[in-house]
Structures are given as C-alpha cells and as structure tokens.
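Take a look at the structure set out below.
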Amino acid sequence: MNKEQYLNQRKKLMNEAESLLNEGKFKESESKMDEVKELDNKWEAIALANANLNALKENAKVTELENKSVTVEGGKTVENIVQPKPIDDKKAYENAWAKYMQGSKLEGQEKELFDKVNREFSNAYTHDTTNTAILIPETVVAGIWKRAEEMYPLLADVRKFSVSGTLTMKKHTGIAAGDAAFYDEDTATADEQNNFGEITLSGCELAKAITITWKLRSMAMAEFIPFITNELGERVGVALGKAVASGKGASATPREPQGVETALLAESGTPQVVTYDPDHATTPVPLTYKKVTEAIAKIHSSYLSGAAIYANNATIWTELANLMDDNGRPLFIPDVTSGGVGRMFGFVVKPDAGVTAGNILIGNANAGYIMNTNEPMSVATEEHVKARTVDYAAYTIVDGAVLDTKAFALIRNIPNA
C-alpha cells in the first residue's frame with residue numbers, strides 16, 4: 001500500500017463513519033472509526049519500515065571479500081551488534097514541544113519535526129499568522145483529559161468523539177405510528193412512522209491561561225511536562241466538568257455545552273425531575289428512600305445497566321450517606337473498589353464537583369450524552385520580560401449535549417436552585 005492508496009482508503013472510511021453518525025447509527029460509526037485507527041496503525045508501520053529500510057541502504061558499505069579471508073581482531077558477531085531503535089515521532093514531538101515551551105532553541109531534525117506538525121495543524125484548522133498556537137502533543141493532551149476526568153467522573157463517563165468541524169447527529173424521539181403490535185391474520189401490518197430530532201455540536205471555545213516565572217519554567221523536562229499537564233488538566237477540568245453537569249447550552253452567551261441538569265429542567269413539566277426541600281421554613285421536605293426510588297423509576301429500563309449516581313462530596317456525605325430504609329438500615333454502602341465512594345440500589349456513587357450543590361443526578365452518561373472535540377488542544381505563549389514570567393494559554397473547541405433525557409433523572413434541592 002502506497003501513501004495515495006492509504007489516503008483514499010482513509011477518506012472513504014471517514015465519509016462512511018460520518019454518514020453513519022448522521023443516520024444515528026452510533027455503534028456502526030464507532031466500528032468504522034476503529035477501522036480508521038487500524039488503517040492508521042498499518043500505515044504507520046509501513047512508513048516506519050520504509051524509513052528503517054532507507055536508513056540501512058544509506059549506511060550500507062559493500063566490500064569485496066572474495067579470496068581475501070583474514071582474521072579481524074576485536075570483531076563482533078552480528079547478533080551482538082545493537083541495532084538502532086526506530087524513531088518514535090510522538091515522543092520526539094513531545095520532547096521538542098517541551099523544549100519550545102521552556103524557551104529553548106530547536107535545531108536540526110527536532111526543529112523540522114516541530115515545524116512540520118504545527119504547519120499541518122495550522123493548515124487543517126485555518127490558523128493565520130496572528131494566531132500561532134502550538135499543537136499540544138497527544139501524550140500531554142491525554143494526561144490533561146485524564147486529570148480532568150479524575151476530578152469529574154460524569155465528564156469521564158460521557159461518550160466522546162473527535163470530529164473536526166460541526167458534528168450533526170440524528171436522535172430518535174419517538175414512533176408516531178406503526179409500532180410493534182398484535183394483528184389478526186387478515187390485517188395488514190401498519191407502516192412505521194418515526195420521529196427524529198437532530199443534535200448539532202458546532203463547538204464552544206474553551207481557553208485557560210496560566211502564568212509561571214522564568215525560574216519555574218527552567219525546571220527539568222521530566223518535571224515540566226507533568227507540571228503543565230496538572231495545571232491545565234485541573235483548570236480545564238473545572239470548566240468541562242461544570243459544563244457537562246450544568247452548562248447553559250447553545251443559547252447562552254458565550255456559548256457553552258449543554259449540561260444534563262439544564263436539559264432536564266428545560267423539559268416541559270420537568271418529567272425527569274424530583275424535588276426536595278429540607279430547609280423549608282414551614283413544611284420541610286427531606287430527602288427520603290421514596291424520593292430516590294421515584295427518581296430511579298423515571299429512567300428508561302434500557303439505560304439502567306451502566307447508570308451511576310453523581311453528586312458533590314458534601315451532598316453525598318450529608319444526604320445520601322444518612323438515608324435509611326423503612327427498617328432503619330443505611331442505604332449507602334461505602335465501597336472504594338467500584339470506581340466511586342460507595343453504592344446505593346446497585347449503582348456506584350461518584351463524587352462530582354460539577355453537579356450543583358444539593359442536587360443528585362442519576363443516569364447512564366455513556367448512552368445519554370455525547371461530547372465532541374471540534375479542534376484539538378493547542379497552547380500559545382507570551383513572554384513578559386520585566387516581570388520575568390511567561391503566560392501559557394491553552395485553547396480547544398469542544399461541545400456536548402444530552403442525547404436522550406430518559407437516560408437521566410435529577411433529584412433537585414429547591415433551596416439551592
């Protein structure tokens with residue numbers, strides 16, 4: 001397979017994946033995306049093999065040895081010769097990026113690789129000369145997302161895509177006519193009439209700037225990358241974590257991803273919401289066993305497998321952990337081995353600071369919410385000579401929305417609304 005064949009195959013698969021997404025066929029689309037990844041890995045292996053072969057050709061020295069048998073002192077057998085390791089472009093770019101971020105000068109192959117990656121990034125996302133953002137390495141971005149997801153499990157659990165530009169997805173909203181039914185022998189089967197809605201994730205700009213001193217920037221590279229990862233991961237995590245839970249959506253200014261709480265409260269009659277009011281002056285309505293079961297009953301049964309309970313730390317330990325059944329037995333069972341801090345009704349309870357204080361969100365985030373990264377994360381720098389500091393501004397375009405409100409239920413604390 002040559003490069004042209006690879007690019008043609010990749011383009012075809014991406015078009016098929018996008019078409020399946022637009023038809024609402026998520027599993028089929030993800031399968032096509034897996035094929036793209038396999039094709040990329042195959043091409044990377046071919047490109048690496050060709051590079052190694054060319055390197056060997058360039059280093060080859062042919063010597064005429066016929067009838068010239070001699071004893072060579074200090075010679076080594078072939079199996080003892082250490083072959084050069086193939087170049088890992090991802091690791092090489094990570095090192096070059098870190099050096100650039102630390103203000104070091106890049107030279108030779110390192111500079112060529114750095115310029116090539118960022119030239120392709122700028123061309124792909126139409127950055128101009130006044131917007132010289134530098135693409136953050138995949139390994140560092142993965143660390144930033146991991147750090148954000150550790151703090152916000154709802155963000156970690158939602159289904160994620162990386163489709164450049166606008167992602168449009170069909171969602172099935174109901175069957176107007178022709179649902180499955182029993183018929184007499186002579187009665188024709190009714191035609192099915194489906195209602196479909198549409199979710200458009202056109203992207204919301206997310207930026208975060210941090211300022212560090214020149215002295216701090218001069219730390220060793222092995223320490224600098226984790227430092228940047230943690231700093232950006234924590235702050236980007238706060239924005240994304242809050243947005244997934246309570247983001248105001250596309251109608252807000254500035255535009256934000258749509259939060260699950262926002263979507264449930266926006267529905268007419270709020271069918272997925274249960275309320276309680278423990279601090280009411282005259283008629284307090286505490287959180288009870290019945291309130292929780294009422295909320296769980298609102299989730300469609302197809303979403304129960306994979307559902308979890310999300311609330312901030314204070315709500316978990318002041319409300320959920322103190323709930324008792326009718327026999328005075330605690331409903332909350334502490335358990336840190338299941339990915340949260342405990343379990344209730346068979347669901348994992350996960351502390352999430354993005355959920356509004358006092359509110360309790362129950363649902364299947366992977367099936368009921370989608371998030372898309374419309375543009376990869378990049379970072380721009382600005383030097384302040386007199387102050388001896390440097391600003392690092394991370395930038396990405398992301399969006400998210402609820403795919404099906406029936407995948408969630410919200411127990412809402414009225415005083416904290």
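Following the order of the structure tokens, first chain is A, next is B, and so on, with residues numbered from 1 inside each chain and ligands from 1 in the order they appear.
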_Considering only alpha helix (DSSP H) as DSSP defines it on the backbone, what residues of range 141-343 of chain A qualify? List them as a VMD selection string._
chain A and resid 141 to 151 153 to 157 214 to 217 221 to 246 260 to 266 289 to 297 313 to 318
*Which residues, written as a ChimeraX atom specification, have at least one atom at most 12 Å from range 333-339 of chain A, with only C-alpha atoms counted and residues fewer than 3 positions away on the same chain left out?*
/A:150,153-154,156-157,308-310,316-317,320-324,329-330,342-351
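For the residues A:Ala314, A:Ile199, A:Leu206, A:Val140, ranking by smallest atom-to-atom distance to Asn230 in chain A using only C-alpha atoms places A:Val140 first.
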_Atom pair CA of Glu375 in chain A / CA of Thr396 in chain A: separation (Å)_ =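 Distance reported for this atom pair: 5.7 Å.
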_Shell of 9 Å around Ser31 in chain A, only C-alpha atoms, local chain residues under 5 positions omitted, as a list in words_ =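 Surrounding residues, per the criterion: Ala17, Phe26 and Val36 of chain A.
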*Skip Glu205 in chain A itself and residues of its chain fewer than 4 positions away, then list as a count of residues only all residues within 10 Å of it, counting only C-alpha atoms.*
11
*What gap, in Å, lies between CA of Ile362 in chain A and CA of Lys298 in chain A?*
9.9 Å
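Among the candidates A:Asn413, A:Thr318, A:Val402, A:Val341, the residue lying nearest to Asn359 in chain A is A:Asn413 (atoms considered: only C-alpha atoms).
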_Neighbouring residues of range 209-214 of chain A were defined as those with any atom within 7 Å, considering only C-alpha atoms; residues of the same chain fewer than 2 positions away were excluded. Please report them as a count of residues only._
11
*Just how far from CA of Val238 in chain A is CA of Glu261 in chain A, in Å to one decimal?*
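That distance, rounded to one decimal, is 16.4 Å.
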*asked:* Which residues are close to Lys99 in chain A, i.e. within 12 Å by only C-alpha atoms, leaving aside same-chain residues fewer than 4 positions away? Reply as number ranges by chain.
replied: A: 92-95, 103-107, 110-111, 114, 217-222, 224-225
Could you write out that same residue set with all heavy atoms as a short mmCIF file (atom, residue, chain, number, x, y, z; two decimals), in the first residue's frame?
```cif
data_model
loop_
_atom_site.label_atom_id
_atom_site.label_comp_id
_atom_site.auth_asym_id
_atom_site.auth_seq_id
_atom_site.Cartn_x
_atom_site.Cartn_y
_atom_site.Cartn_z
N ALA A 92 9.25 12.09 20.14
CA ALA A 92 10.17 13.12 19.67
C ALA A 92 9.48 14.48 19.65
O ALA A 92 10.06 15.50 20.02
CB ALA A 92 10.69 12.76 18.27
N TYR A 93 8.20 14.50 19.21
CA TYR A 93 7.47 15.78 19.18
C TYR A 93 7.20 16.27 20.60
O TYR A 93 7.27 17.47 20.87
CB TYR A 93 6.15 15.66 18.41
CG TYR A 93 5.39 16.96 18.40
CD1 TYR A 93 5.84 18.04 17.65
CD2 TYR A 93 4.25 17.13 19.18
CE1 TYR A 93 5.17 19.25 17.67
CE2 TYR A 93 3.57 18.33 19.21
CZ TYR A 93 4.03 19.40 18.45
OH TYR A 93 3.37 20.60 18.47
N GLU A 94 6.90 15.35 21.51
CA GLU A 94 6.66 15.74 22.90
C GLU A 94 7.89 16.44 23.48
O GLU A 94 7.79 17.47 24.14
CB GLU A 94 6.30 14.52 23.74
CG GLU A 94 6.07 14.84 25.22
CD GLU A 94 5.89 13.60 26.07
OE1 GLU A 94 4.95 12.84 25.79
OE2 GLU A 94 6.70 13.39 26.99
N ASN A 95 9.07 15.86 23.21
CA ASN A 95 10.32 16.46 23.71
C ASN A 95 10.57 17.82 23.08
O ASN A 95 10.97 18.78 23.76
CB ASN A 95 11.50 15.52 23.44
CG ASN A 95 11.44 14.26 24.28
OD1 ASN A 95 10.84 14.24 25.35
ND2 ASN A 95 12.06 13.20 23.81
N GLY A 103 11.34 27.66 26.27
CA GLY A 103 12.12 28.75 25.68
C GLY A 103 13.45 28.32 25.09
O GLY A 103 14.29 29.17 24.76
N SER A 104 13.66 26.99 24.93
CA SER A 104 14.92 26.50 24.35
C SER A 104 14.86 26.54 22.83
O SER A 104 13.78 26.43 22.23
CB SER A 104 15.20 25.07 24.82
OG SER A 104 15.31 25.02 26.23
N LYS A 105 16.01 26.67 22.20
CA LYS A 105 16.08 26.74 20.75
C LYS A 105 16.07 25.34 20.16
O LYS A 105 16.76 24.43 20.65
CB LYS A 105 17.37 27.47 20.32
CG LYS A 105 17.48 27.69 18.82
CD LYS A 105 18.75 28.46 18.48
CE LYS A 105 18.86 28.70 16.97
NZ LYS A 105 20.08 29.44 16.62
N LEU A 106 15.28 25.15 19.11
CA LEU A 106 15.21 23.85 18.43
C LEU A 106 16.09 23.89 17.19
O LEU A 106 16.13 24.89 16.47
CB LEU A 106 13.77 23.52 18.04
CG LEU A 106 12.74 23.47 19.17
CD1 LEU A 106 11.36 23.13 18.62
CD2 LEU A 106 13.15 22.46 20.23
N GLU A 107 16.76 22.79 16.92
CA GLU A 107 17.65 22.71 15.75
C GLU A 107 17.51 21.34 15.08
O GLU A 107 17.03 20.38 15.68
CB GLU A 107 19.10 22.95 16.16
CG GLU A 107 19.38 24.34 16.72
CD GLU A 107 20.82 24.52 17.15
OE1 GLU A 107 21.52 23.49 17.26
OE2 GLU A 107 21.24 25.66 17.37
N GLU A 110 14.86 17.89 15.04
CA GLU A 110 13.88 18.25 16.05
C GLU A 110 13.05 19.45 15.59
O GLU A 110 11.82 19.45 15.70
CB GLU A 110 14.61 18.59 17.35
CG GLU A 110 13.77 18.46 18.60
CD GLU A 110 14.61 18.54 19.87
OE1 GLU A 110 15.50 19.42 19.93
OE2 GLU A 110 14.38 17.74 20.77
N LYS A 111 13.71 20.45 15.02
CA LYS A 111 13.01 21.64 14.52
C LYS A 111 12.15 21.29 13.30
O LYS A 111 11.03 21.79 13.14
CB LYS A 111 14.01 22.73 14.16
CG LYS A 111 13.36 24.06 13.76
CD LYS A 111 14.40 25.13 13.51
CE LYS A 111 13.74 26.50 13.27
NZ LYS A 111 12.75 26.48 12.20
N PHE A 114 9.01 19.55 14.54
CA PHE A 114 8.16 20.52 15.23
C PHE A 114 7.44 21.42 14.22
O PHE A 114 6.23 21.63 14.31
CB PHE A 114 9.02 21.35 16.18
CG PHE A 114 8.25 22.34 16.99
CD1 PHE A 114 7.61 21.95 18.16
CD2 PHE A 114 8.17 23.67 16.61
CE1 PHE A 114 6.90 22.87 18.93
CE2 PHE A 114 7.46 24.59 17.37
CZ PHE A 114 6.82 24.18 18.53
N ARG A 217 9.97 27.87 35.04
CA ARG A 217 9.98 27.27 33.72
C ARG A 217 11.27 26.52 33.43
O ARG A 217 11.31 25.59 32.62
CB ARG A 217 9.79 28.37 32.65
CG ARG A 217 9.74 27.83 31.24
CD ARG A 217 9.45 28.90 30.21
NE ARG A 217 10.52 29.89 30.10
CZ ARG A 217 10.56 30.83 29.16
NH1 ARG A 217 9.58 30.90 28.27
NH2 ARG A 217 11.54 31.70 29.13
N SER A 218 12.36 26.89 34.12
CA SER A 218 13.65 26.27 33.86
C SER A 218 13.81 24.90 34.50
O SER A 218 14.89 24.33 34.49
CB SER A 218 14.78 27.19 34.35
OG SER A 218 14.71 27.34 35.76
N MET A 219 12.73 24.36 35.08
CA MET A 219 12.80 23.03 35.68
C MET A 219 13.14 21.98 34.63
O MET A 219 13.01 22.22 33.43
CB MET A 219 11.48 22.69 36.38
CG MET A 219 10.30 22.50 35.43
SD MET A 219 8.77 22.01 36.27
CE MET A 219 8.33 23.51 37.11
N ALA A 220 13.56 20.80 35.08
CA ALA A 220 13.91 19.72 34.16
C ALA A 220 12.68 19.32 33.35
O ALA A 220 11.54 19.42 33.81
CB ALA A 220 14.44 18.53 34.95
N MET A 221 12.92 18.84 32.11
CA MET A 221 11.83 18.47 31.22
C MET A 221 10.93 17.40 31.84
O MET A 221 9.71 17.42 31.69
CB MET A 221 12.38 17.97 29.89
CG MET A 221 11.31 17.75 28.81
SD MET A 221 11.98 17.05 27.30
CE MET A 221 13.20 18.29 26.86
N ALA A 222 11.56 16.45 32.55
CA ALA A 222 10.79 15.37 33.17
C ALA A 222 9.81 15.90 34.22
O ALA A 222 8.79 15.27 34.50
CB ALA A 222 11.73 14.36 33.82
N PHE A 224 8.72 19.31 34.02
CA PHE A 224 7.94 20.37 33.36
C PHE A 224 6.66 19.82 32.75
O PHE A 224 5.58 20.42 32.91
CB PHE A 224 8.80 21.03 32.28
CG PHE A 224 8.08 22.10 31.50
CD1 PHE A 224 7.88 23.36 32.03
CD2 PHE A 224 7.59 21.84 30.23
CE1 PHE A 224 7.20 24.34 31.32
CE2 PHE A 224 6.92 22.81 29.50
CZ PHE A 224 6.73 24.07 30.05
N ILE A 225 6.74 18.69 32.04
CA ILE A 225 5.56 18.14 31.36
C ILE A 225 4.47 17.75 32.36
O ILE A 225 3.31 18.14 32.18
CB ILE A 225 5.96 16.95 30.46
CG1 ILE A 225 6.79 17.46 29.27
CG2 ILE A 225 4.72 16.22 29.95
CD1 ILE A 225 7.29 16.39 28.35
#
```
What lies within 8 Å of Arg147 in chain A using only C-alpha atoms, ignoring chain neighbours under 5 positions off, as a tab-separated table (two decimals) with N, CA and C atoms, in the first residue's frame?
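For reference, result_18.tsv as written:
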```
chain	number	residue	atom	x	y	z
A	229	THR	N	0.76	19.52	32.58
A	229	THR	CA	-0.39	18.62	32.48
A	229	THR	C	-1.34	18.81	33.65
A	230	ASN	N	-0.79	18.87	34.86
A	230	ASN	CA	-1.63	19.02	36.05
A	230	ASN	C	-2.29	20.39	36.11
A	233	GLY	N	-4.83	20.51	33.25
A	233	GLY	CA	-5.85	19.50	33.49
A	233	GLY	C	-6.83	19.89	34.57
A	234	GLU	N	-6.32	20.47	35.65
A	234	GLU	CA	-7.19	20.87	36.76
A	234	GLU	C	-8.13	22.00	36.35
A	237	GLY	N	-10.42	20.96	33.51
A	237	GLY	CA	-11.36	20.02	34.09
A	237	GLY	C	-12.51	20.71	34.79
```
*Residue with smallest distance to Ala297 in chain A - pool A:Ala239, A:Val379, A:Val274, A:Ala45, counting only C-alpha atoms*: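 Using only C-alpha atoms, the shortest distance to Ala297 in chain A belongs to A:Val274.
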*Using only C-alpha atoms, which of A:Pro415, A:Gly328, A:Leu201, A:Gly363 sits nearest Gly306 in chain A?*
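For Gly306 in chain A, the nearest of the candidates is A:Gly363.
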*Point out the residue among A:Thr166, A:Asn372, A:Gln5, A:Thr282 with the least atom-to-atom distance to Leu39 in chain A, counting only C-alpha atoms.*
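Ranked by minimum distance to Leu39 in chain A, first place goes to A:Gln5.
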_Closest of A:Lys32, A:Tyr152, A:Gly259, A:Leu167 to Asn312 in chain A - atom-to-atom distances counting only C-alpha atoms_ =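 Of all the options, A:Tyr152 lies closest to Asn312 in chain A.
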*Would you mind writing down, as number ranges by chain, each residue of range 83-319 of chain A that DSSP on the backbone assigns to strand (DSSP E)?*
A: 134-135, 159-161, 167-177, 193-201, 204-213, 273-276, 308-311
